$ cat work_9.tsv   # TSV, C-alpha atoms
chain	number	residue	atom	x	y	z
S	1	MET	CA	116.78	-5.77	-40.12
S	2	PHE	CA	120.27	-5.43	-38.74
S	3	PHE	CA	123.58	-3.80	-39.58
S	4	THR	CA	126.80	-5.36	-38.32
S	5	GLY	CA	129.65	-2.92	-37.93
S	6	THR	CA	133.13	-4.42	-37.87
S	7	VAL	CA	134.30	-1.81	-35.40
S	8	THR	CA	137.97	-2.81	-35.21
S	9	ASP	CA	140.50	-4.54	-37.46
S	10	SER	CA	144.25	-5.00	-37.74
S	11	GLN	CA	144.63	-1.68	-39.55
S	12	SER	CA	142.75	0.56	-37.09
S	13	PHE	CA	141.03	0.64	-33.69
S	14	PRO	CA	138.79	3.73	-34.08
S	15	LEU	CA	136.38	3.27	-31.13
S	16	VAL	CA	137.27	5.32	-28.04
S	17	LEU	CA	136.41	3.10	-25.07
S	18	PRO	CA	136.01	4.57	-21.57
S	19	SER	CA	138.12	1.90	-19.86
S	20	GLN	CA	140.73	1.51	-22.63
S	21	PRO	CA	141.03	4.90	-24.43
S	22	GLU	CA	144.65	4.10	-25.31
S	23	LEU	CA	143.50	1.47	-27.83
S	24	ALA	CA	142.05	4.18	-30.07
S	25	GLY	CA	144.65	6.70	-28.99
S	26	LYS	CA	147.48	4.56	-30.33
S	27	GLY	CA	145.61	2.25	-32.70
S	28	SER	CA	143.42	4.51	-34.82
S	29	TYR	CA	144.40	6.47	-37.92
S	30	GLY	CA	144.19	9.70	-35.92
S	31	ASP	CA	142.03	11.85	-33.66
S	32	ASP	CA	139.84	12.87	-36.60
S	33	MET	CA	139.16	9.22	-37.51
S	34	GLN	CA	137.75	7.97	-34.23
S	35	TYR	CA	134.26	7.22	-32.92
S	36	SER	CA	133.28	8.54	-29.49
S	37	VAL	CA	130.63	6.94	-27.31
S	38	ASP	CA	128.25	9.75	-28.30
S	39	ASP	CA	128.95	9.09	-32.00
S	40	VAL	CA	128.01	5.45	-31.59
S	41	LYS	CA	124.86	6.26	-29.66
S	42	LYS	CA	123.74	8.58	-32.46
S	43	ILE	CA	124.33	5.82	-35.03
S	44	VAL	CA	122.40	3.29	-32.94
S	45	GLU	CA	119.49	5.68	-32.40
S	46	PHE	CA	119.40	6.61	-36.09
S	47	GLY	CA	119.25	2.93	-37.02
S	48	LEU	CA	116.43	2.22	-34.59
S	49	ASP	CA	114.43	5.11	-36.04
S	50	TYR	CA	114.49	3.22	-39.36
S	51	GLY	CA	114.03	-0.29	-37.97
S	52	VAL	CA	117.72	-1.26	-38.20
S	53	ARG	CA	119.53	-2.81	-35.26
S	54	VAL	CA	123.24	-2.00	-35.07
S	55	ILE	CA	125.35	-4.96	-33.91
S	56	PRO	CA	129.03	-4.48	-33.04
S	57	GLU	CA	131.77	-6.82	-34.19
S	58	ILE	CA	135.01	-6.78	-32.24
S	59	ASP	CA	136.98	-9.26	-34.31
S	60	THR	CA	139.22	-11.41	-32.10
S	61	PRO	CA	141.64	-13.11	-31.68
S	62	GLY	CA	142.66	-12.48	-35.31
S	63	HIS	CA	142.58	-9.10	-37.05
S	64	THR	CA	143.96	-7.37	-33.95
S	65	GLY	CA	147.21	-5.78	-35.08
S	66	SER	CA	145.86	-2.33	-34.13
S	67	TRP	CA	145.74	-3.40	-30.48
S	68	ALA	CA	149.55	-3.59	-30.43
S	69	GLY	CA	150.00	0.18	-30.34
S	70	ALA	CA	148.67	0.26	-26.79
S	71	HIS	CA	149.42	-3.32	-25.70
S	72	PRO	CA	152.24	-4.83	-27.77
S	73	ASP	CA	152.77	-7.61	-25.21
S	74	ILE	CA	149.40	-9.26	-25.91
S	75	VAL	CA	149.60	-9.29	-29.72
S	76	SER	CA	151.54	-11.93	-31.67
S	77	CYS	CA	153.38	-11.04	-34.93
S	78	ALA	CA	152.31	-7.40	-34.89
S	79	ASN	CA	153.77	-4.94	-37.40
S	80	LYS	CA	155.47	-7.60	-39.50
S	81	PHE	CA	155.32	-8.05	-43.25
S	82	TRP	CA	152.26	-10.16	-43.92
S	83	TRP	CA	153.76	-12.67	-46.40
S	84	PRO	CA	157.55	-12.77	-46.04
S	85	ALA	CA	159.63	-13.27	-49.17
S	86	GLY	CA	160.78	-16.81	-49.78
S	87	THR	CA	157.92	-18.39	-47.83
S	88	GLU	CA	154.92	-20.43	-48.99
S	89	TRP	CA	151.33	-19.15	-48.65
S	90	GLU	CA	150.80	-21.63	-45.83
S	91	ASP	CA	153.55	-19.87	-43.85
S	92	ARG	CA	152.12	-16.35	-44.18
S	93	LEU	CA	151.53	-14.24	-41.07
S	94	ALA	CA	148.20	-12.83	-42.27
S	95	SER	CA	145.86	-13.21	-45.21
S	96	GLU	CA	146.24	-9.53	-46.10
S	97	PRO	CA	148.54	-6.66	-45.06
S	98	GLY	CA	148.12	-5.84	-41.38
S	99	THR	CA	149.43	-8.58	-39.08
S	100	GLY	CA	148.57	-9.32	-35.48
S	101	GLN	CA	146.61	-11.84	-33.38
S	102	LEU	CA	145.85	-11.73	-29.66
S	103	ASN	CA	147.89	-14.17	-27.61
S	104	PRO	CA	145.53	-16.27	-25.44
S	105	LEU	CA	148.46	-17.61	-23.40
S	106	ASN	CA	149.14	-14.17	-21.92
S	107	PRO	CA	146.79	-13.55	-18.93
S	108	LYS	CA	146.82	-9.83	-19.65
S	109	THR	CA	144.97	-10.52	-22.90
S	110	PHE	CA	141.85	-11.41	-20.96
S	111	GLN	CA	142.13	-8.42	-18.63
S	112	VAL	CA	142.02	-6.16	-21.67
S	113	MET	CA	139.26	-8.25	-23.29
S	114	ILE	CA	137.02	-7.94	-20.21
S	115	ASN	CA	137.28	-4.16	-20.39
S	116	VAL	CA	136.70	-4.01	-24.15
S	117	ILE	CA	133.71	-6.35	-24.12
S	118	GLY	CA	132.16	-4.64	-21.11
S	119	ASP	CA	132.42	-1.20	-22.69
S	120	VAL	CA	131.08	-2.34	-26.06
S	121	VAL	CA	128.12	-4.12	-24.45
S	122	ASN	CA	127.24	-0.96	-22.50
S	123	ILE	CA	127.52	1.24	-25.58
S	124	PHE	CA	125.57	-0.88	-28.08
S	125	GLN	CA	122.93	-2.52	-25.89
S	126	ASP	CA	121.78	-5.01	-28.57
S	127	GLN	CA	121.28	-8.63	-27.49
S	128	PHE	CA	123.81	-9.83	-30.09
S	129	PHE	CA	127.60	-9.45	-29.84
S	130	HIS	CA	129.79	-10.42	-32.79
S	131	SER	CA	133.15	-11.71	-31.60
S	132	GLY	CA	134.67	-12.43	-35.03
S	133	GLY	CA	136.94	-15.47	-34.93
S	134	ASP	CA	137.81	-15.57	-38.63
S	135	GLU	CA	141.12	-15.98	-40.41
S	136	ILE	CA	143.30	-17.09	-37.50
S	137	ILE	CA	146.60	-17.73	-39.26
S	138	PRO	CA	148.90	-20.52	-37.97
S	139	GLY	CA	152.09	-18.73	-39.02
S	140	CYS	CA	151.36	-15.75	-36.77
S	141	TRP	CA	150.89	-17.73	-33.59
S	142	LYS	CA	153.80	-20.02	-34.45
S	143	SER	CA	156.10	-16.98	-34.55
S	144	ASP	CA	155.30	-16.06	-30.93
S	145	PRO	CA	157.87	-17.39	-28.39
S	146	THR	CA	155.21	-18.09	-25.74
S	147	ILE	CA	153.12	-20.12	-28.14
S	148	GLN	CA	156.21	-21.82	-29.56
S	149	SER	CA	156.99	-23.08	-26.05
S	150	PHE	CA	153.42	-24.33	-25.66
S	151	LEU	CA	153.60	-26.19	-28.97
S	152	SER	CA	156.96	-27.74	-28.13
S	153	SER	CA	155.38	-29.17	-24.97
S	154	GLY	CA	152.76	-31.02	-27.00
S	155	GLY	CA	150.09	-28.35	-27.29
S	156	THR	CA	148.26	-27.51	-30.51
S	157	LEU	CA	147.12	-24.28	-32.13
S	158	SER	CA	143.51	-25.42	-31.79
S	159	GLU	CA	144.09	-25.70	-28.04
S	160	VAL	CA	145.34	-22.10	-28.06
S	161	LEU	CA	142.06	-21.04	-29.67
S	162	GLU	CA	140.12	-23.21	-27.22
S	163	LYS	CA	141.66	-21.28	-24.31
S	164	PHE	CA	140.50	-18.05	-25.90
S	165	VAL	CA	136.96	-19.20	-26.72
S	166	ASN	CA	136.56	-20.93	-23.36
S	167	PHE	CA	137.11	-17.57	-21.68
S	168	ILE	CA	135.33	-15.01	-23.82
S	169	PHE	CA	132.30	-17.11	-24.80
S	170	PRO	CA	130.93	-17.67	-21.28
S	171	TYR	CA	131.85	-14.11	-20.32
S	172	ILE	CA	129.82	-12.61	-23.17
S	173	VAL	CA	126.92	-14.96	-22.44
S	174	SER	CA	127.05	-13.89	-18.78
S	175	LEU	CA	126.29	-10.36	-20.00
S	176	ASN	CA	123.00	-11.64	-21.50
S	177	ARG	CA	124.28	-11.60	-25.04
S	178	THR	CA	124.02	-14.14	-27.84
S	179	VAL	CA	127.46	-14.55	-29.42
S	180	ILE	CA	128.01	-14.41	-33.18
S	181	PHE	CA	131.17	-15.96	-34.60
S	182	TRP	CA	132.37	-16.39	-38.14
S	183	GLU	CA	132.20	-20.02	-39.30
S	184	ASP	CA	135.99	-20.41	-39.06
S	185	VAL	CA	135.78	-21.04	-35.32
S	186	LEU	CA	134.23	-24.46	-36.01
S	187	LEU	CA	135.10	-25.18	-39.64
S	188	ASP	CA	138.63	-23.92	-40.27
S	189	GLU	CA	140.86	-26.74	-41.47
S	190	ASN	CA	143.87	-25.63	-39.39
S	191	ILE	CA	142.65	-23.99	-36.18
S	192	SER	CA	139.18	-24.63	-34.76
S	193	VAL	CA	137.31	-25.68	-31.62
S	194	GLU	CA	134.97	-28.58	-30.96
S	195	LYS	CA	131.22	-28.04	-30.86
S	196	SER	CA	131.26	-28.68	-27.10
S	197	PHE	CA	132.83	-25.23	-26.62
S	198	LEU	CA	129.93	-23.38	-28.27
S	199	TYR	CA	126.41	-24.11	-27.07
S	200	PRO	CA	123.97	-23.68	-29.98
S	201	GLU	CA	121.37	-21.94	-27.83
S	202	TYR	CA	123.82	-19.08	-27.20
S	203	THR	CA	125.62	-19.10	-30.56
S	204	ILE	CA	124.98	-17.85	-34.09
S	205	LEU	CA	127.50	-18.64	-36.81
S	206	GLN	CA	128.03	-16.50	-39.91
S	207	THR	CA	129.10	-18.29	-43.09
S	208	TRP	CA	131.26	-16.78	-45.81
S	209	ARG	CA	133.10	-19.64	-47.55
S	210	ASN	CA	132.15	-22.63	-49.71
S	211	GLY	CA	128.65	-21.42	-50.49
S	212	ILE	CA	125.85	-23.70	-49.38
S	213	ARG	CA	128.20	-26.43	-48.15
S	214	ASN	CA	129.30	-24.70	-44.97
S	215	THR	CA	125.78	-23.46	-44.26
S	216	LYS	CA	124.62	-27.06	-44.53
S	217	ARG	CA	127.33	-28.31	-42.15
S	218	LEU	CA	126.43	-25.76	-39.50
S	219	VAL	CA	122.66	-26.18	-39.55
S	220	GLU	CA	123.13	-29.95	-39.46
S	221	ALA	CA	125.06	-29.38	-36.23
S	222	GLY	CA	122.10	-27.47	-34.83
S	223	TYR	CA	123.42	-23.89	-35.11
S	224	ARG	CA	121.51	-20.85	-36.25
S	225	VAL	CA	123.20	-19.29	-39.27
S	226	ILE	CA	123.57	-15.95	-41.01
S	227	VAL	CA	124.56	-16.39	-44.65
S	228	SER	CA	127.17	-13.98	-46.08
S	229	SER	CA	128.61	-16.10	-48.84
S	230	SER	CA	131.60	-14.38	-50.43
S	231	ASP	CA	130.49	-15.95	-53.73
S	232	TYR	CA	127.32	-13.85	-53.77
S	233	TYR	CA	127.12	-11.31	-50.95
S	234	TYR	CA	130.50	-9.53	-50.85
S	235	LEU	CA	129.80	-6.18	-52.47
S	236	ASP	CA	133.50	-5.28	-52.74
S	237	CYS	CA	134.34	-8.42	-54.72
S	238	GLY	CA	132.95	-7.70	-58.17
S	239	HIS	CA	129.49	-7.90	-59.65
S	240	GLY	CA	129.20	-11.27	-61.36
S	241	GLY	CA	126.76	-13.76	-59.93
S	242	PHE	CA	125.33	-11.49	-57.25
S	243	LEU	CA	121.77	-12.41	-58.23
S	244	GLY	CA	122.71	-16.07	-58.36
S	245	ASN	CA	121.02	-19.03	-56.76
S	246	ASP	CA	119.36	-18.44	-53.42
S	247	SER	CA	121.97	-19.97	-51.12
S	248	ARG	CA	119.71	-19.81	-48.08
S	249	TYR	CA	117.63	-22.81	-49.02
S	250	ASP	CA	118.98	-25.00	-51.78
S	251	GLY	CA	120.02	-28.36	-50.36
S	252	LEU	CA	118.58	-27.81	-46.87
S	253	SER	CA	115.77	-29.73	-45.22
S	254	GLU	CA	112.73	-27.86	-43.88
S	255	GLU	CA	114.08	-28.22	-40.34
S	256	GLU	CA	117.48	-26.88	-41.36
S	257	VAL	CA	115.94	-23.93	-43.21
S	258	GLU	CA	114.41	-22.81	-39.91
S	259	LEU	CA	117.93	-22.38	-38.48
S	260	VAL	CA	118.94	-19.95	-41.25
S	261	LEU	CA	118.12	-16.57	-39.71
S	262	GLY	CA	118.75	-14.69	-42.95
S	263	GLY	CA	121.57	-13.20	-44.93
S	264	GLU	CA	123.81	-10.17	-44.80
S	265	VAL	CA	125.73	-8.44	-47.57
S	266	ALA	CA	129.27	-7.44	-46.64
S	267	LEU	CA	131.15	-4.37	-47.82
S	268	TRP	CA	134.75	-4.49	-46.61
S	269	SER	CA	136.74	-1.30	-46.72
S	270	GLU	CA	140.11	-2.38	-48.13
S	271	GLN	CA	139.08	-0.77	-51.44
S	272	ALA	CA	136.02	1.20	-50.44
S	273	ASP	CA	135.69	4.59	-48.77
S	274	PRO	CA	133.02	7.33	-48.77
S	275	THR	CA	133.87	8.34	-52.35
S	276	VAL	CA	132.61	5.02	-53.74
S	277	LEU	CA	130.30	3.86	-50.95
S	278	ASP	CA	126.94	4.62	-52.58
S	279	GLY	CA	127.78	2.87	-55.85
S	280	ARG	CA	129.14	-0.23	-54.11
S	281	LEU	CA	126.06	-0.54	-51.90
S	282	TRP	CA	123.20	0.43	-54.16
S	283	PRO	CA	121.21	-0.95	-55.82
S	284	ARG	CA	122.86	-4.34	-55.17
S	285	ALA	CA	121.97	-4.30	-51.47
S	286	ALA	CA	118.36	-3.68	-52.54
S	287	ALA	CA	118.56	-6.71	-54.84
S	288	MET	CA	119.78	-8.76	-51.91
S	289	ALA	CA	116.89	-7.55	-49.77
S	290	GLU	CA	114.50	-8.51	-52.57
S	291	ALA	CA	115.87	-12.05	-52.67
S	292	LEU	CA	115.84	-12.47	-48.89
S	293	TRP	CA	112.38	-11.06	-48.31
S	294	SER	CA	110.62	-12.48	-51.37
S	295	GLY	CA	112.80	-15.35	-52.62
S	296	ASN	CA	114.24	-15.59	-56.10
S	297	ARG	CA	111.41	-17.66	-57.60
S	298	ASP	CA	107.71	-17.01	-58.06
S	299	GLU	CA	104.89	-19.34	-56.99
S	300	ALA	CA	105.35	-21.38	-60.16
S	301	GLY	CA	109.03	-21.91	-59.41
S	302	LYS	CA	110.22	-19.54	-62.13
S	303	LYS	CA	113.12	-17.22	-61.35
S	304	ARG	CA	111.99	-13.63	-60.96
S	305	TYR	CA	115.07	-11.71	-62.01
S	306	ALA	CA	113.54	-10.23	-65.19
S	307	GLU	CA	110.52	-8.86	-63.32
S	308	ALA	CA	112.70	-7.78	-60.40
S	309	THR	CA	115.18	-5.99	-62.66
S	310	ASP	CA	112.49	-3.65	-63.99
S	311	ARG	CA	111.49	-2.67	-60.45
S	312	LEU	CA	115.10	-2.31	-59.32
S	313	ASN	CA	115.79	-0.03	-62.29
S	314	GLU	CA	112.98	2.26	-61.16
S	315	TRP	CA	114.20	2.08	-57.57
S	316	ARG	CA	117.73	2.99	-58.62
S	317	TYR	CA	116.53	6.16	-60.36
S	318	ARG	CA	114.47	7.14	-57.31
S	319	MET	CA	117.60	6.80	-55.17
S	320	VAL	CA	119.60	8.97	-57.56
S	321	LYS	CA	116.93	11.68	-57.40
S	322	ARG	CA	117.29	11.59	-53.61
S	323	GLY	CA	121.00	12.25	-53.85
S	324	ILE	CA	122.23	8.66	-53.47
S	325	GLY	CA	124.94	7.75	-55.97
S	326	ALA	CA	123.52	4.32	-56.85
S	327	GLU	CA	125.17	2.76	-59.89
S	328	PRO	CA	123.07	1.91	-62.98
S	329	ILE	CA	121.82	-1.60	-63.66
S	330	GLN	CA	121.02	-1.08	-67.33
S	331	PRO	CA	121.06	1.78	-69.86
S	332	LEU	CA	118.27	4.35	-69.64
S	333	TRP	CA	116.76	2.90	-72.83
S	334	CYS	CA	116.05	-0.33	-70.96
S	335	VAL	CA	114.32	1.56	-68.18
S	336	ARG	CA	112.08	3.30	-70.69
S	337	ASN	CA	111.38	0.06	-72.55
S	338	PRO	CA	110.68	-2.53	-69.81
S	339	GLY	CA	111.37	-6.10	-70.84
S	340	MET	CA	113.14	-5.22	-74.09
S	341	CYS	CA	116.61	-5.79	-72.61
S	342	ASN	CA	115.87	-9.29	-71.35
S	343	THR	CA	117.12	-12.43	-73.04
S	344	VAL	CA	114.54	-15.10	-73.86
S	345	HIS	CA	117.14	-17.76	-74.65
S	346	PRO	CA	118.73	-19.93	-71.99
S	347	TYR	CA	122.43	-19.42	-71.39
S	348	VAL	CA	124.55	-22.20	-72.87
S	349	ALA	CA	128.23	-22.08	-72.02
S	350	GLU	CA	130.58	-22.51	-74.95
S	351	GLU	CA	133.00	-25.36	-74.45
S	352	GLU	CA	136.66	-24.50	-74.01
S	353	GLY	CA	138.29	-24.40	-77.43
S	354	GLY	CA	135.10	-25.33	-79.26
S	355	GLU	CA	133.30	-23.41	-81.95
S	356	GLY	CA	129.60	-22.91	-82.32
S	357	SER	CA	128.67	-25.21	-79.44
S	358	GLY	CA	125.66	-23.10	-78.58
S	359	LYS	CA	124.38	-19.60	-78.11
S	360	ARG	CA	126.14	-17.48	-75.55
S	361	ILE	CA	125.70	-13.97	-74.23
S	362	SER	CA	128.88	-12.01	-74.62
S	363	GLY	CA	130.38	-8.69	-75.57
S	364	ARG	CA	130.22	-5.27	-73.99
S	365	SER	CA	126.68	-4.66	-75.23
S	366	GLY	CA	125.35	-8.09	-74.34
S	367	HIS	CA	124.79	-9.29	-77.93
S	368	ALA	CA	123.86	-12.91	-78.55
S	369	ASP	CA	126.58	-14.56	-80.60
S	370	SER	CA	126.09	-17.70	-82.65

$ encode --input "work_9.tsv" --output "C-alpha cells"
Amino acid sequence: MFFTGTVTDSQSFPLVLPSQPELAGKGSYGDDMQYSVDDVKKIVEFGLDYGVRVIPEIDTPGHTGSWAGAHPDIVSCANKFWWPAGTEWEDRLASEPGTGQLNPLNPKTFQVMINVIGDVVNIFQDQFFHSGGDEIIPGCWKSDPTIQSFLSSGGTLSEVLEKFVNFIFPYIVSLNRTVIFWEDVLLDENISVEKSFLYPEYTILQTWRNGIRNTKRLVEAGYRVIVSSSDYYYLDCGHGGFLGNDSRYDGLSEEEVELVLGGEVALWSEQADPTVLDGRLWPRAAAMAEALWSGNRDEAGKKRYAEATDRLNEWRYRMVKRGIGAEPIQPLWCVRNPGMCNTVHPYVAEEEGGEGSGKRISGRSGHADS
C-alpha cells in the first residue's frame, strides 16, 4: 500500500529543503506551516510501521507558483490573476487560482531542480518519485517573454515541455528511481511529449481524466498505470458514483490488466483541512480498498455492494469508537437491520420530461416513486 503526498503546489511550498531552504522560507504559508526533514522522516517511518509507503510528489513544471517567492526569474506568469476578465477559458493562466509554471528555457530552472530532486530523494528514500506534469496551461507559458521569443522562432509549447522532460526524467532515473507522471504528459491535447521521451520500463503514469479511456490508451502503449479517475476516486468532488463500475478492468485485455498496478483515491486540499479530513476520507477510502483488493463482483459475477455496505457500516462505527470522525453511510436503523435498506428493484432512469416511464429511486429518504 502506498500514500502519495503532493508536497508542493502553486499555493505553498511547505517542505524545508537543506539545499534550497528559501523555497519554504518564501513560499510556504509561514514558519508554523512547514515540514522539516525530521518531520518527513517521522511520517515515512510511521507509514512503514503500518505497511504504507510514502511517495513524494513534487509537481512540475506546472503548479509551481510558490517557487516564485524565492526564484521569480524561473517561474512564468507567477502571481497573476488566474482567469483574466474578458478572456476565454482557453486563454486562462491556470485552471484554478494560484498561477505559475517553471520556465524550461531558463538554465537556472534546472540548477534549482537538481537541488530539489536530490534533497527529496535523500529524504524519502522510496524507489518511486512522482514528478507531476499535470495541467500545464498554454496561456501561462505564452505570457512569458522568453517563451514568446521561442515560439516566434518556430518552436512549440510541446517542445518547451520536451526540454523539461528530457532533462528531469533521465536525472531522476539516474538516482535509481522510477518516475511517476500524471497522464497529461503524454495525453494532453495541447502540450505533451512523444512516447520516445518516456521509457516504459522507468515510467508509471497516473490517470485522472476520461475514466477507462485514458487508462486503455496508456496500457496499450505499454505503460504501467495507477488509476485515480476523478469520476470515481476524487474524495473532495462529491459522493455520487464512488462505488461505481470497477474502472481498473472493464474494457482491458488480460495483458493490459497486468499493467494496471492499482488505484489511488485523491483528496485535494482546496476545500479540505483537518476539520473535515476524517469525514472526507472515511469510510469511502475503505470502500475503495474493498473494491481494489476484492473486486466489485462476486464469483458469480454479481455486484457485491449490498453485502459490502453492511460490512462497511460496521467498520464505520468501529472507526467512530476509535475517535475517527468517519461519516455515516446509512441511518443507524439500517445498521441494526442488515439488508432492510437495500433496493431489490433495478434502477431505471426516468426519461427527460416523461411521466411514469419506470421506477426510480429518489427523494431525501430514498423512497421508490412510481

$ residues_around --input "work_9.tsv" --residues "stretch 26-32 of chain S" --least-positions-apart "6" --cutoff "8 Å" --atoms "all atoms listed in the file" --output "CSV table (one decimal) with C-alpha atoms, keeping the file's coordinate frame"
chain,number,residue,atom,x,y,z
S,11,GLN,CA,144.6,-1.7,-39.6
S,12,SER,CA,142.8,0.6,-37.1
S,13,PHE,CA,141.0,0.6,-33.7
S,14,PRO,CA,138.8,3.7,-34.1
S,66,SER,CA,145.9,-2.3,-34.1
S,67,TRP,CA,145.7,-3.4,-30.5
S,68,ALA,CA,149.6,-3.6,-30.4
S,69,GLY,CA,150.0,0.2,-30.3
S,70,ALA,CA,148.7,0.3,-26.8

$ residues_around --input "work_9.tsv" --residues "stretch 262-268 of chain S" --least-positions-apart "2" --cutoff "6 Å" --atoms "only C-alpha atoms" --output "mmCIF file with C-alpha atoms, keeping the file's coordinate frame"
data_model
loop_
_atom_site.group_PDB
_atom_site.id
_atom_site.type_symbol
_atom_site.label_atom_id
_atom_site.label_comp_id
_atom_site.auth_asym_id
_atom_site.auth_seq_id
_atom_site.Cartn_x
_atom_site.Cartn_y
_atom_site.Cartn_z
ATOM 1 C CA ILE S 226 123.570 -15.950 -41.010
ATOM 2 C CA VAL S 227 124.560 -16.390 -44.650
ATOM 3 C CA SER S 228 127.170 -13.980 -46.080
ATOM 4 C CA TYR S 233 127.120 -11.310 -50.950
ATOM 5 C CA TYR S 234 130.500 -9.530 -50.850
ATOM 6 C CA LEU S 235 129.800 -6.180 -52.470
ATOM 7 C CA ASP S 236 133.500 -5.280 -52.740
ATOM 8 C CA VAL S 260 118.940 -19.950 -41.250
ATOM 9 C CA GLU S 270 140.110 -2.380 -48.130
#

$ closest_residue --input "work_9.tsv" --among "S:Ile117, S:Ile147, S:Ile136, S:Ile55" --to "S:Pro170" --atoms "all atoms listed in the file"
S:Ile117

$ atom_distance --input "work_9.tsv" --atom1 "atom CA of S:Ser269" --atom2 "atom CA of S:Cys237"
11.0 Å

$ closest_residue --input "work_9.tsv" --among "S:Glu254, S:Asp39, S:Glu299, S:Glu162" --to "S:Glu194" --atoms "all atoms listed in the file"
S:Glu162

$ closest_residue --input "work_9.tsv" --among "S:Asn166, S:Asp126, S:Ser10, S:Ile58" --to "S:Ala78" --atoms "only C-alpha atoms"
S:Ser10

$ residues_near_point --input "work_9.tsv" --point "(124.1, -20.2, -36.4)" --cutoff "8 Å" --atoms "all atoms listed in the file" --output "list in words"
Ile180, Pro200, Thr203, Ile204, Leu205, Gln206, Leu218, Val219, Gly222, Tyr223, Arg224, Val225, Ile226, Leu259, Val260 and Leu261 of chain S

$ residues_around --input "work_9.tsv" --residues "S:Ser174" --least-positions-apart "2" --cutoff "12 Å" --atoms "only C-alpha atoms" --output "NGL selection string"
:S and (114 or 117-118 or 121 or 127 or 129 or 167-172 or 176-179 or 202)

$ write_last_selection --input "work_9.tsv" --atoms "C-alpha atoms" --output "tab-separated table (two decimals), keeping the file's coordinate frame"
chain	number	residue	atom	x	y	z
S	114	ILE	CA	137.02	-7.94	-20.21
S	117	ILE	CA	133.71	-6.35	-24.12
S	118	GLY	CA	132.16	-4.64	-21.11
S	121	VAL	CA	128.12	-4.12	-24.45
S	127	GLN	CA	121.28	-8.63	-27.49
S	129	PHE	CA	127.60	-9.45	-29.84
S	167	PHE	CA	137.11	-17.57	-21.68
S	168	ILE	CA	135.33	-15.01	-23.82
S	169	PHE	CA	132.30	-17.11	-24.80
S	170	PRO	CA	130.93	-17.67	-21.28
S	171	TYR	CA	131.85	-14.11	-20.32
S	172	ILE	CA	129.82	-12.61	-23.17
S	176	ASN	CA	123.00	-11.64	-21.50
S	177	ARG	CA	124.28	-11.60	-25.04
S	178	THR	CA	124.02	-14.14	-27.84
S	179	VAL	CA	127.46	-14.55	-29.42
S	202	TYR	CA	123.82	-19.08	-27.20

$ atom_distance --input "work_9.tsv" --atom1 "atom CA of S:Gly139" --atom2 "atom CA of S:Glu90"
7.5 Å

$ atom_distance --input "work_9.tsv" --atom1 "atom CA of S:Ser76" --atom2 "atom CA of S:Leu102"
6.0 Å

$ closest_residue --input "work_9.tsv" --among "S:Arg297, S:Val193, S:Asp119, S:Leu157" --to "S:Leu17" --atoms "all atoms listed in the file"
S:Asp119

$ residues_around --input "work_9.tsv" --residues "S:Ser294" --least-positions-apart "2" --cutoff "12 Å" --atoms "only C-alpha atoms" --output "VMD selection string"
chain S and resid 246 262 286 to 292 296 to 299 303 to 305 308

$ closest_residue --input "work_9.tsv" --among "S:Leu161, S:Ile212, S:Ala300, S:Val320" --to "S:Phe197" --atoms "all atoms listed in the file"
S:Leu161

$ residues_around --input "work_9.tsv" --residues "S:Ser143" --least-positions-apart "5" --cutoff "10 Å" --atoms "only C-alpha atoms" --output "PDB file with C-alpha atoms, keeping the file's coordinate frame"
ATOM      1  CA  SER S  76     151.540 -11.930 -31.670  1.00  0.00           C
ATOM      2  CA  CYS S  77     153.380 -11.040 -34.930  1.00  0.00           C
ATOM      3  CA  LEU S  93     151.530 -14.240 -41.070  1.00  0.00           C
ATOM      4  CA  PRO S 138     148.900 -20.520 -37.970  1.00  0.00           C
ATOM      5  CA  GLN S 148     156.210 -21.820 -29.560  1.00  0.00           C
TER       6      GLN S 148
END

$ closest_residue --input "work_9.tsv" --among "S:Ile43, S:Val112, S:Val54, S:Leu48" --to "S:Asp73" --atoms "only C-alpha atoms"
S:Val112
